[in-house]
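With CSV, C-alpha atoms and all ligand atoms inside, this is structure-v1.csv:
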chain,number,residue,atom,x,y,z
F,1,MET,CA,0.0,0.0,0.0
F,2,GLY,CA,1.1,3.5,-0.6
F,3,ASN,CA,0.7,6.3,1.9
F,4,SER,CA,-1.0,9.7,1.5
F,5,SER,CA,2.2,11.7,1.4
F,6,THR,CA,3.5,9.7,-1.6
F,7,ARG,CA,3.4,11.5,-4.9
F,8,SER,CA,1.4,9.5,-7.5
F,9,ILE,CA,3.8,10.7,-10.2
F,10,ALA,CA,7.5,11.5,-10.1
F,11,TRP,CA,10.6,11.9,-12.2
F,12,ARG,CA,13.1,9.3,-11.1
F,13,ASP,CA,16.6,8.5,-12.6
F,14,GLY,CA,15.6,9.9,-16.0
F,15,THR,CA,12.2,8.0,-16.1
F,16,ILE,CA,8.6,8.7,-15.2
F,17,GLU,CA,7.4,6.8,-12.2
F,18,ALA,CA,3.6,6.7,-11.7
F,19,VAL,CA,1.1,4.7,-9.7
F,20,ASP,CA,-0.6,2.2,-11.9
F,21,GLN,CA,-4.2,3.2,-11.5
F,22,VAL,CA,-5.4,0.2,-13.5
F,23,ALA,CA,-3.9,-2.3,-10.9
F,24,LEU,CA,-5.7,-0.7,-8.0
F,25,PRO,CA,-7.3,-1.6,-5.6
F,26,HIS,CA,-5.9,-5.1,-5.8
F,27,GLU,CA,-2.3,-4.1,-6.2
F,28,TYR,CA,-0.4,-0.8,-5.4
F,29,ARG,CA,2.3,-0.9,-8.1
F,30,LEU,CA,4.5,1.7,-9.8
F,31,LEU,CA,4.9,2.0,-13.5
F,32,ARG,CA,8.3,3.1,-14.8
F,33,LEU,CA,8.0,4.7,-18.2
F,34,THR,CA,10.9,5.4,-20.4
F,35,THR,CA,9.4,6.3,-23.8
F,36,VAL,CA,6.8,8.7,-25.2
F,37,ASP,CA,4.8,5.7,-26.6
F,38,GLN,CA,4.6,4.1,-23.1
F,39,VAL,CA,3.3,7.4,-21.6
F,40,ILE,CA,0.7,7.8,-24.4
F,41,ASP,CA,-0.4,4.2,-23.8
F,42,ALA,CA,-0.6,4.7,-20.0
F,43,ILE,CA,-2.7,7.8,-20.5
F,44,GLN,CA,-5.0,6.2,-23.1
F,45,ARG,CA,-5.7,3.0,-21.0
F,46,LEU,CA,-6.1,5.2,-17.9
F,47,ALA,CA,-3.2,3.7,-16.0
F,48,ILE,CA,-2.4,7.4,-15.5
F,49,ARG,CA,-5.7,9.4,-15.4
F,50,GLY,CA,-7.3,12.5,-13.9
F,51,ALA,CA,-6.8,15.9,-15.5
F,52,PRO,CA,-3.9,17.2,-13.5
F,53,ALA,CA,-2.1,13.9,-13.5
F,54,ILE,CA,-2.2,13.5,-17.2
F,55,GLY,CA,-1.0,17.1,-17.6
F,56,VAL,CA,2.1,16.3,-15.5
F,57,ALA,CA,2.7,13.0,-17.3
F,58,GLY,CA,2.4,14.8,-20.7
F,59,ALA,CA,4.9,17.5,-19.6
F,60,LEU,CA,7.4,14.8,-18.4
F,61,ALA,CA,6.9,12.9,-21.6
F,62,VAL,CA,8.0,15.9,-23.6
F,63,ALA,CA,11.1,16.0,-21.3
F,64,LEU,CA,11.8,12.4,-22.2
F,65,SER,CA,11.4,13.3,-25.9
F,66,ALA,CA,13.7,16.3,-25.6
F,67,ARG,CA,16.4,14.1,-24.1
F,68,VAL,CA,16.2,11.4,-26.7
F,69,HIS,CA,16.3,14.0,-29.5
F,70,THR,CA,19.3,15.9,-28.1
F,71,HIS,CA,22.6,15.1,-29.9
F,72,ALA,CA,26.0,16.8,-30.3
F,73,GLY,CA,24.4,19.4,-32.6
F,74,GLY,CA,21.7,20.3,-30.0
F,75,CYS,CA,18.0,19.5,-29.7
F,76,ASP,CA,16.0,18.4,-32.7
F,77,GLU,CA,13.1,20.7,-32.1
F,78,ILE,CA,11.0,19.5,-35.0
F,79,ALA,CA,11.2,15.9,-33.8
F,80,VAL,CA,10.2,16.9,-30.2
F,81,ARG,CA,7.3,19.1,-31.4
F,82,THR,CA,6.0,16.2,-33.5
F,83,GLU,CA,6.0,13.9,-30.5
F,84,ALA,CA,4.6,16.7,-28.3
F,85,GLN,CA,1.6,16.9,-30.6
F,86,ARG,CA,1.0,13.2,-30.3
F,87,ILE,CA,1.2,13.4,-26.5
F,88,ALA,CA,-1.2,16.4,-26.4
F,89,ASP,CA,-3.7,14.4,-28.6
F,90,ALA,CA,-3.6,11.3,-26.3
F,91,ARG,CA,-6.9,12.3,-24.7
F,92,PRO,CA,-9.0,15.3,-25.9
F,93,THR,CA,-11.2,16.5,-23.1
F,94,ALA,CA,-8.9,17.4,-20.1
F,95,VAL,CA,-7.3,20.7,-21.1
F,96,ASN,CA,-4.5,20.2,-18.6
F,97,LEU,CA,-2.8,17.8,-21.0
F,98,SER,CA,-2.5,20.2,-24.0
F,99,TRP,CA,-1.9,23.1,-21.6
F,100,ALA,CA,1.1,21.4,-19.9
F,101,VAL,CA,2.6,20.1,-23.2
F,102,ARG,CA,2.4,23.7,-24.6
F,103,ARG,CA,4.0,25.1,-21.5
F,104,VAL,CA,7.1,22.8,-21.7
F,105,VAL,CA,7.4,23.0,-25.5
F,106,GLY,CA,7.7,26.8,-24.9
F,107,LYS,CA,11.0,26.1,-23.2
F,108,LEU,CA,12.5,24.0,-26.0
F,109,GLY,CA,14.8,26.9,-27.0
F,110,GLY,CA,16.6,26.4,-23.7
F,111,GLY,CA,17.3,22.7,-24.5
F,112,ALA,CA,16.3,19.4,-22.8
F,113,ASP,CA,17.3,20.6,-19.4
F,114,ALA,CA,15.0,23.7,-19.6
F,115,VAL,CA,12.1,21.5,-20.7
F,116,LEU,CA,12.7,19.1,-17.8
F,117,ALA,CA,12.9,22.0,-15.3
F,118,GLU,CA,9.6,23.4,-16.5
F,119,ALA,CA,7.9,19.9,-16.3
F,120,LEU,CA,9.2,19.5,-12.7
F,121,GLU,CA,7.9,23.0,-11.9
F,122,ILE,CA,4.4,21.9,-13.1
F,123,LEU,CA,4.7,18.8,-11.0
F,124,ALA,CA,5.7,20.8,-7.9
F,125,GLU,CA,3.0,23.4,-8.5
F,126,ASP,CA,0.2,20.8,-8.6
F,127,GLU,CA,0.3,19.9,-4.9
F,128,ARG,CA,0.5,23.5,-3.8
F,129,GLN,CA,-2.4,24.4,-6.0
F,130,ASN,CA,-4.6,21.5,-4.9
F,131,ARG,CA,-4.0,22.4,-1.2
F,132,ALA,CA,-4.9,26.0,-1.8
F,133,ALA,CA,-8.0,25.2,-3.9
F,134,ALA,CA,-9.1,22.6,-1.3
F,135,SER,CA,-8.7,25.2,1.5
F,136,HIS,CA,-10.8,27.8,-0.4
F,137,ALA,CA,-13.4,25.2,-1.2
F,138,ALA,CA,-13.6,23.8,2.4
F,139,ASP,CA,-14.2,27.4,3.6
F,140,LEU,CA,-16.9,27.8,1.0
F,141,VAL,CA,-18.6,24.5,1.9
F,142,ARG,CA,-18.6,25.5,5.6
F,143,ARG,CA,-20.3,28.8,4.7
F,144,LEU,CA,-22.8,27.2,2.4
F,145,CYS,CA,-23.8,24.4,4.7
F,146,ARG,CA,-23.6,25.9,8.1
F,147,GLN,CA,-23.9,22.6,10.0
F,148,GLU,CA,-21.3,19.9,10.6
F,149,PRO,CA,-20.5,17.0,10.4
F,150,LEU,CA,-21.3,17.1,6.6
F,151,ARG,CA,-22.7,14.4,4.3
F,152,LEU,CA,-20.9,14.9,1.1
F,153,LEU,CA,-21.4,13.3,-2.4
F,154,THR,CA,-18.6,13.1,-5.0
F,155,HIS,CA,-18.0,11.4,-8.3
F,156,CYS,CA,-15.2,9.6,-10.1
F,157,ASN,CA,-11.8,10.1,-8.5
F,158,THR,CA,-10.3,13.5,-7.8
F,159,GLY,CA,-7.9,12.5,-5.1
F,160,ARG,CA,-4.1,12.1,-4.9
F,161,LEU,CA,-4.2,9.5,-7.6
F,162,ALA,CA,-5.8,11.9,-10.1
F,163,THR,CA,-3.3,14.6,-9.3
F,164,VAL,CA,0.3,14.6,-8.0
F,165,ALA,CA,-0.8,14.7,-4.4
F,166,TRP,CA,-3.8,15.7,-2.1
F,167,GLY,CA,-6.4,16.1,-4.8
F,168,THR,CA,-9.1,18.7,-5.7
F,169,ALA,CA,-12.6,17.7,-4.7
F,170,LEU,CA,-11.3,14.8,-2.7
F,171,GLY,CA,-8.6,17.1,-1.3
F,172,THR,CA,-11.4,19.4,0.0
F,173,ILE,CA,-13.0,16.3,1.6
F,174,ARG,CA,-9.7,15.5,3.2
F,175,GLU,CA,-9.4,19.0,4.6
F,176,LEU,CA,-13.0,19.0,6.0
F,177,ALA,CA,-12.5,15.5,7.4
F,178,ALA,CA,-9.2,16.5,9.1
F,179,ALA,CA,-11.1,19.1,11.0
F,180,GLY,CA,-13.7,16.5,12.1
F,181,GLY,CA,-16.3,18.0,9.7
F,182,VAL,CA,-17.3,14.9,7.7
F,183,ALA,CA,-20.0,12.4,8.7
F,184,GLU,CA,-20.0,10.4,5.5
F,185,VAL,CA,-18.8,10.6,1.9
F,186,LEU,CA,-21.1,9.0,-0.7
F,187,PHE,CA,-19.6,8.4,-4.1
F,188,GLY,CA,-20.7,6.7,-7.4
F,189,GLU,CA,-19.0,3.6,-8.6
F,190,THR,CA,-18.4,5.5,-11.9
F,191,ARG,CA,-19.2,3.1,-14.7
F,192,PRO,CA,-17.8,1.9,-16.9
F,193,LEU,CA,-14.2,2.0,-15.6
F,194,LEU,CA,-15.1,2.2,-11.9
F,195,GLN,CA,-12.8,5.1,-10.8
F,196,GLY,CA,-15.1,5.6,-7.8
F,197,ALA,CA,-15.3,1.9,-6.8
F,198,ARG,CA,-11.6,1.1,-7.4
F,199,LEU,CA,-9.8,4.4,-6.6
F,200,THR,CA,-12.0,6.7,-4.5
F,201,ALA,CA,-13.0,3.9,-2.2
F,202,TRP,CA,-9.3,3.0,-1.8
F,203,GLU,CA,-8.2,6.6,-1.1
F,204,LEU,CA,-11.1,7.2,1.4
F,205,ALA,CA,-10.2,4.0,3.2
F,206,GLU,CA,-6.5,4.9,3.2
F,207,ALA,CA,-7.4,8.3,4.7
F,208,GLY,CA,-9.8,6.8,7.3
F,209,ILE,CA,-12.8,8.8,6.1
F,210,PRO,CA,-16.3,7.2,6.5
F,211,HIS,CA,-17.7,6.3,3.1
F,212,ARG,CA,-20.4,4.5,1.2
F,213,MET,CA,-20.6,3.6,-2.5
F,214,LEU,CA,-23.6,4.0,-4.7
F,215,VAL,CA,-24.5,2.7,-8.1
F,216,ASP,CA,-24.2,5.8,-10.3
F,217,SER,CA,-27.9,6.0,-10.9
F,218,ALA,CA,-28.6,6.2,-7.1
F,219,GLY,CA,-26.8,9.6,-6.8
F,220,PRO,CA,-29.9,11.6,-7.8
F,221,ALA,CA,-32.1,9.4,-5.5
F,222,ALA,CA,-29.7,10.1,-2.6
F,223,LEU,CA,-30.0,13.8,-3.2
F,224,ALA,CA,-33.8,13.7,-3.5
F,225,ALA,CA,-33.9,11.7,-0.3
F,226,GLY,CA,-32.1,14.5,1.6
F,227,MET,CA,-29.0,12.3,2.2
F,228,VAL,CA,-26.5,14.9,1.0
F,229,ASP,CA,-25.5,18.4,2.3
F,230,CYS,CA,-23.1,19.3,-0.6
F,231,VAL,CA,-21.8,17.8,-3.9
F,232,LEU,CA,-18.1,18.2,-4.6
F,233,VAL,CA,-16.6,17.2,-8.0
F,234,GLY,CA,-13.6,18.0,-10.1
F,235,ALA,CA,-13.3,19.1,-13.7
F,236,ASP,CA,-11.6,18.3,-16.9
F,237,ARG,CA,-12.3,21.7,-18.6
F,238,VAL,CA,-14.0,24.8,-17.4
F,239,CYS,CA,-15.2,27.2,-20.2
F,240,ALA,CA,-15.3,31.0,-20.0
F,241,ASN,CA,-19.0,31.0,-19.3
F,242,GLY,CA,-18.5,28.5,-16.4
F,243,ASP,CA,-19.8,25.4,-18.1
F,244,VAL,CA,-17.8,22.4,-16.8
F,245,ALA,CA,-16.8,19.1,-18.5
F,246,ASN,CA,-16.3,16.3,-16.0
F,247,LYS,CA,-16.7,12.5,-15.7
F,248,ILE,CA,-19.9,11.2,-17.3
F,249,GLY,CA,-22.7,11.2,-14.6
F,250,THR,CA,-21.7,14.6,-13.2
F,251,TYR,CA,-24.5,16.4,-15.1
F,252,SER,CA,-27.3,14.1,-13.6
F,253,LEU,CA,-25.9,14.9,-10.1
F,254,ALA,CA,-26.0,18.6,-10.8
F,255,LEU,CA,-29.6,18.4,-12.1
F,256,ALA,CA,-30.6,16.5,-9.0
F,257,ALA,CA,-28.7,18.8,-6.6
F,258,ASN,CA,-30.3,21.8,-8.2
F,259,ARG,CA,-33.7,20.3,-7.8
F,260,ALA,CA,-33.0,19.4,-4.1
F,261,GLY,CA,-31.5,22.8,-3.3
F,262,VAL,CA,-28.1,21.2,-2.5
F,263,PRO,CA,-24.9,23.2,-3.3
F,264,PHE,CA,-22.9,21.8,-6.2
F,265,VAL,CA,-19.2,22.9,-6.0
F,266,VAL,CA,-16.5,22.2,-8.6
F,267,VAL,CA,-12.8,22.3,-7.4
F,268,ALA,CA,-10.1,22.5,-10.0
F,269,PRO,CA,-6.7,24.1,-10.6
F,270,GLU,CA,-6.5,27.2,-12.9
F,271,SER,CA,-4.9,25.0,-15.5
F,272,THR,CA,-8.3,23.4,-16.0
F,273,LEU,CA,-9.8,26.7,-17.1
F,274,ASP,CA,-10.1,27.1,-20.8
F,275,LEU,CA,-11.1,30.7,-21.4
F,276,SER,CA,-10.7,30.2,-25.2
F,277,LEU,CA,-13.9,28.3,-25.2
F,278,ALA,CA,-17.1,30.3,-24.8
F,279,GLY,CA,-19.3,27.5,-23.6
F,280,GLY,CA,-19.6,23.7,-23.1
F,281,ALA,CA,-20.9,23.1,-26.7
F,282,ASP,CA,-17.4,23.7,-27.9
F,283,ILE,CA,-15.8,21.0,-25.7
F,284,VAL,CA,-14.6,17.9,-27.5
F,285,ILE,CA,-16.0,15.0,-25.5
F,286,GLU,CA,-13.9,11.8,-25.7
F,287,GLU,CA,-15.9,8.7,-26.7
F,288,ARG,CA,-14.4,5.4,-25.6
F,289,ALA,CA,-14.6,1.9,-26.9
F,290,ALA,CA,-17.9,-0.1,-26.8
F,291,GLY,CA,-16.0,-3.0,-25.2
F,292,GLU,CA,-15.8,-1.0,-21.9
F,293,VAL,CA,-19.6,-1.1,-21.7
F,294,VAL,CA,-20.7,-4.4,-23.2
F,295,ALA,CA,-18.5,-6.5,-20.9
F,296,PHE,CA,-18.0,-6.4,-17.1
F,297,GLY,CA,-14.9,-7.9,-15.5
F,298,GLY,CA,-14.1,-9.6,-18.8
F,299,VAL,CA,-17.5,-11.2,-19.1
F,300,ASP,CA,-20.0,-10.1,-21.9
F,301,VAL,CA,-23.1,-8.6,-20.4
F,302,ALA,CA,-24.9,-7.5,-23.6
F,303,PRO,CA,-25.8,-9.5,-26.7
F,304,ALA,CA,-23.1,-9.6,-29.3
F,305,GLY,CA,-23.3,-6.6,-31.7
F,306,THR,CA,-25.1,-4.3,-29.3
F,307,ARG,CA,-24.3,-0.7,-30.3
F,308,VAL,CA,-23.0,1.6,-27.6
F,309,PHE,CA,-22.8,5.3,-26.7
F,310,ASN,CA,-19.8,5.6,-24.3
F,311,PRO,CA,-18.9,9.3,-23.7
F,312,ALA,CA,-16.2,9.6,-21.0
F,313,PHE,CA,-17.4,13.0,-19.9
F,314,ASP,CA,-20.5,15.2,-19.9
F,315,VAL,CA,-21.0,19.0,-19.7
F,316,THR,CA,-22.7,20.6,-16.7
F,317,PRO,CA,-24.1,24.1,-17.6
F,318,ALA,CA,-22.9,26.9,-15.4
F,319,GLU,CA,-26.4,27.7,-14.1
F,320,LEU,CA,-26.5,24.3,-12.2
F,321,ILE,CA,-23.1,25.0,-10.5
F,322,THR,CA,-22.9,26.9,-7.2
F,323,ALA,CA,-19.2,27.7,-7.6
F,324,VAL,CA,-16.0,26.8,-9.4
F,325,VAL,CA,-13.1,27.1,-6.9
F,326,THR,CA,-9.5,27.2,-7.9
F,327,GLU,CA,-6.2,27.9,-6.0
F,328,ASN,CA,-7.0,31.6,-6.5
F,329,GLY,CA,-10.5,31.5,-5.1
F,330,LEU,CA,-13.9,31.7,-6.8
F,331,PHE,CA,-13.9,31.7,-10.6
F,332,SER,CA,-16.5,34.3,-11.9
F,333,PRO,CA,-17.8,32.9,-15.2
F,334,GLN,CA,-19.6,35.9,-16.6
F,335,ALA,CA,-16.7,38.2,-16.3
F,336,ALA,CA,-14.1,35.4,-16.7
F,337,VAL,CA,-12.2,37.0,-13.8
F,338,ARG,CA,-11.3,35.8,-10.3
F,339,GLU,CA,-12.6,37.1,-6.9
F,340,ASP,CA,-11.2,36.3,-3.5
F,341,ALA,CA,-13.1,33.4,-1.9
F,342,SER,CA,-13.1,34.9,1.5
B,401,LIG,C1,-8.8,16.0,-10.2
B,401,LIG,S1,-9.3,15.0,-11.4
B,401,LIG,C2,-10.7,15.8,-12.2
B,401,LIG,C3,-11.2,15.1,-13.4
B,401,LIG,O1,-10.2,14.7,-14.3
B,401,LIG,C4,-12.0,13.8,-12.9
B,401,LIG,O2,-13.1,14.2,-12.2
B,401,LIG,C5,-12.4,13.0,-14.1
B,401,LIG,O3,-13.4,13.2,-14.7
B,401,LIG,C6,-11.4,12.0,-14.5
B,401,LIG,O4,-11.8,11.2,-15.6
B,401,LIG,P1,-10.8,10.0,-16.1
B,401,LIG,O5,-11.5,9.5,-17.4
B,401,LIG,O6,-10.8,9.1,-15.0
B,401,LIG,O7,-9.5,10.7,-16.4
Reformat the file's structure so that it appears as structure tokens.
Ligand SMILES: CSC[C@@H](O)[C@@H](O)C(=O)COP(=O)(O)O
Amino acid sequence: MGNSSTRSIAWRDGTIEAVDQVALPHEYRLLRLTTVDQVIDAIQRLAIRGAPAIGVAGALAVALSARVHTHAGGCDEIAVRTEAQRIADARPTAVNLSWAVRRVVGKLGGGADAVLAEALEILAEDERQNRAAASHAADLVRRLCRQEPLRLLTHCNTGRLATVAWGTALGTIRELAAAGGVAEVLFGETRPLLQGARLTAWELAEAGIPHRMLVDSAGPAALAAGMVDCVLVGADRVCANGDVANKIGTYSLALAANRAGVPFVVVAPESTLDLSLAGGADIVIEERAAGEVVAFGGVDVAPAGTRVFNPAFDVTPAELITAVVTENGLFSPQAAVREDAS
């Protein structure tokens, strides 16, 4: 087992070391990635997943590429840029990936060492930003809910596994729980790849926070039954108007929270903001293979040939969201500027 202070992704001896999120919860195992293709494969099969974590992995993969393409004559920038584009395209919805790749590519002029230094800076920033965002969000939740201990609902996995350390929405839950403010965390299993069942359950158990798992479709019922004081989720992309893309199933929770009068709070680093997109209709939503849905645990559960719609994310419109909280405080969608959360 790991422990909560362990970083889920690191640069070690010229390679990328990352927790294998596909092996959990049965086995806590580290991947050691030495090539760009290995990193792309790990991102695409969700061995490394979660918007901030794939951003850091992408930046470190460009650093690997810059090293490989540096020879006596210097760095072959064209070769690195070509690989950087492949890395940025590995998954389309989480903007953190293309943002981080673009940031390190911007340092190519300084050579491989400058690229690596920038990637390591992105890695170091992540934990600081998560802790700051979680602290702002915890303050907001206390103000919104006014009674503790809280019954919280979350979705997918937004914890230390999805980031470098601590987490965003789950980091907020950690912070509230550390102060004795959490009665119970409900979370959806997160079909079809079970990030909730496999990863969030593992992290909440590791942190000693009381928790109960729901089938995804029970989330709205739990909200309607008055079992939840606040919903806390992460994000893969936040548009200028405040629309949010996050794991499929987030939208139905937002609708139900709105109907029940329960606050719905999104916690994400500023690197998840994409002010170049006016609204959620412009977000590219990743569609994944039918095989993830028609089989369960390797056993077919639908008749052969059943057609499938398997979007990895959905878009929650801004009007259903109480607040988007970043390391800098509350994000103000209309004006696309930030205010202090206090
Ligand atoms: C802090 S992680 C935020 C989001 O990336 C998370 O909520 C999510 O939707 C992850 O989806 P995944 O497909 O598991 O990468």
**Request:** Please check which protein, DNA or RNA residues sit within 7 Å of ligand LIG 401 (chain B), counting only C-alpha atoms and all ligand atoms, and write them as number ranges by chain.
**Result:** F: 46, 49-52, 94, 155-159, 162-163, 167-169, 195, 233-236, 246-247, 268, 312-313
**Request:** Would you mind listing what lies within 12 Å of F:Arg103 as a ChimeraX atom specification, with only C-alpha atoms counted and same-chain residues fewer than 3 positions away left out?
**Result:** /F:55-56,58-60,62-63,84,88,96-100,106-108,114-122,271
**Request:** Determine, counting all atoms listed in the file, which protein, DNA and RNA residues have an atom within 9 Å of an atom of F:Asn310; residues of the same chain fewer than 5 positions away are not included. Present the result as a PyMOL selection string.
**Result:** chain F and resi 192+248+286-290+292-293
**Prompt:** Which polymer residues have any atom within 8 Å of an atom of stretch 314-322 of chain F, counting all atoms listed in the file, with same-chain residues fewer than 2 positions away left out, as JSON, numbers by chain?
**Reply:** {"F": [241, 242, 243, 244, 245, 246, 247, 248, 249, 250, 251, 254, 255, 258, 263, 264, 265, 266, 280, 285, 311, 312, 324, 333]}
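With distances taken over all atoms listed in the file, F:Val215 is the one residue among F:Ala18, F:Ile173, F:Ala53, F:Val215 lying closest to F:Glu189.
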**Asked** atom CA of F:Cys230 and atom CA of F:Ala256, how far apart in Å?
**Response** 11.6 Å
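Distance annotation: of F:Arg67, F:His211, F:Arg45, F:Arg128, the residue with the minimal separation from F:Thr15 is F:Arg67; atom set is all atoms listed in the file.
Summary of the local environment: counting all atoms listed in the file, residues at most 12 Å from F:Thr82, other than itself and those fewer than 3 positions away along its chain, are Val36, Val62, Ser65, Ala66, His69, Asp76, Glu77, Ile78, Ala79, Gln85, Arg86, Ile87, Ala88, Asp89, Val101 and Val105 of chain F.
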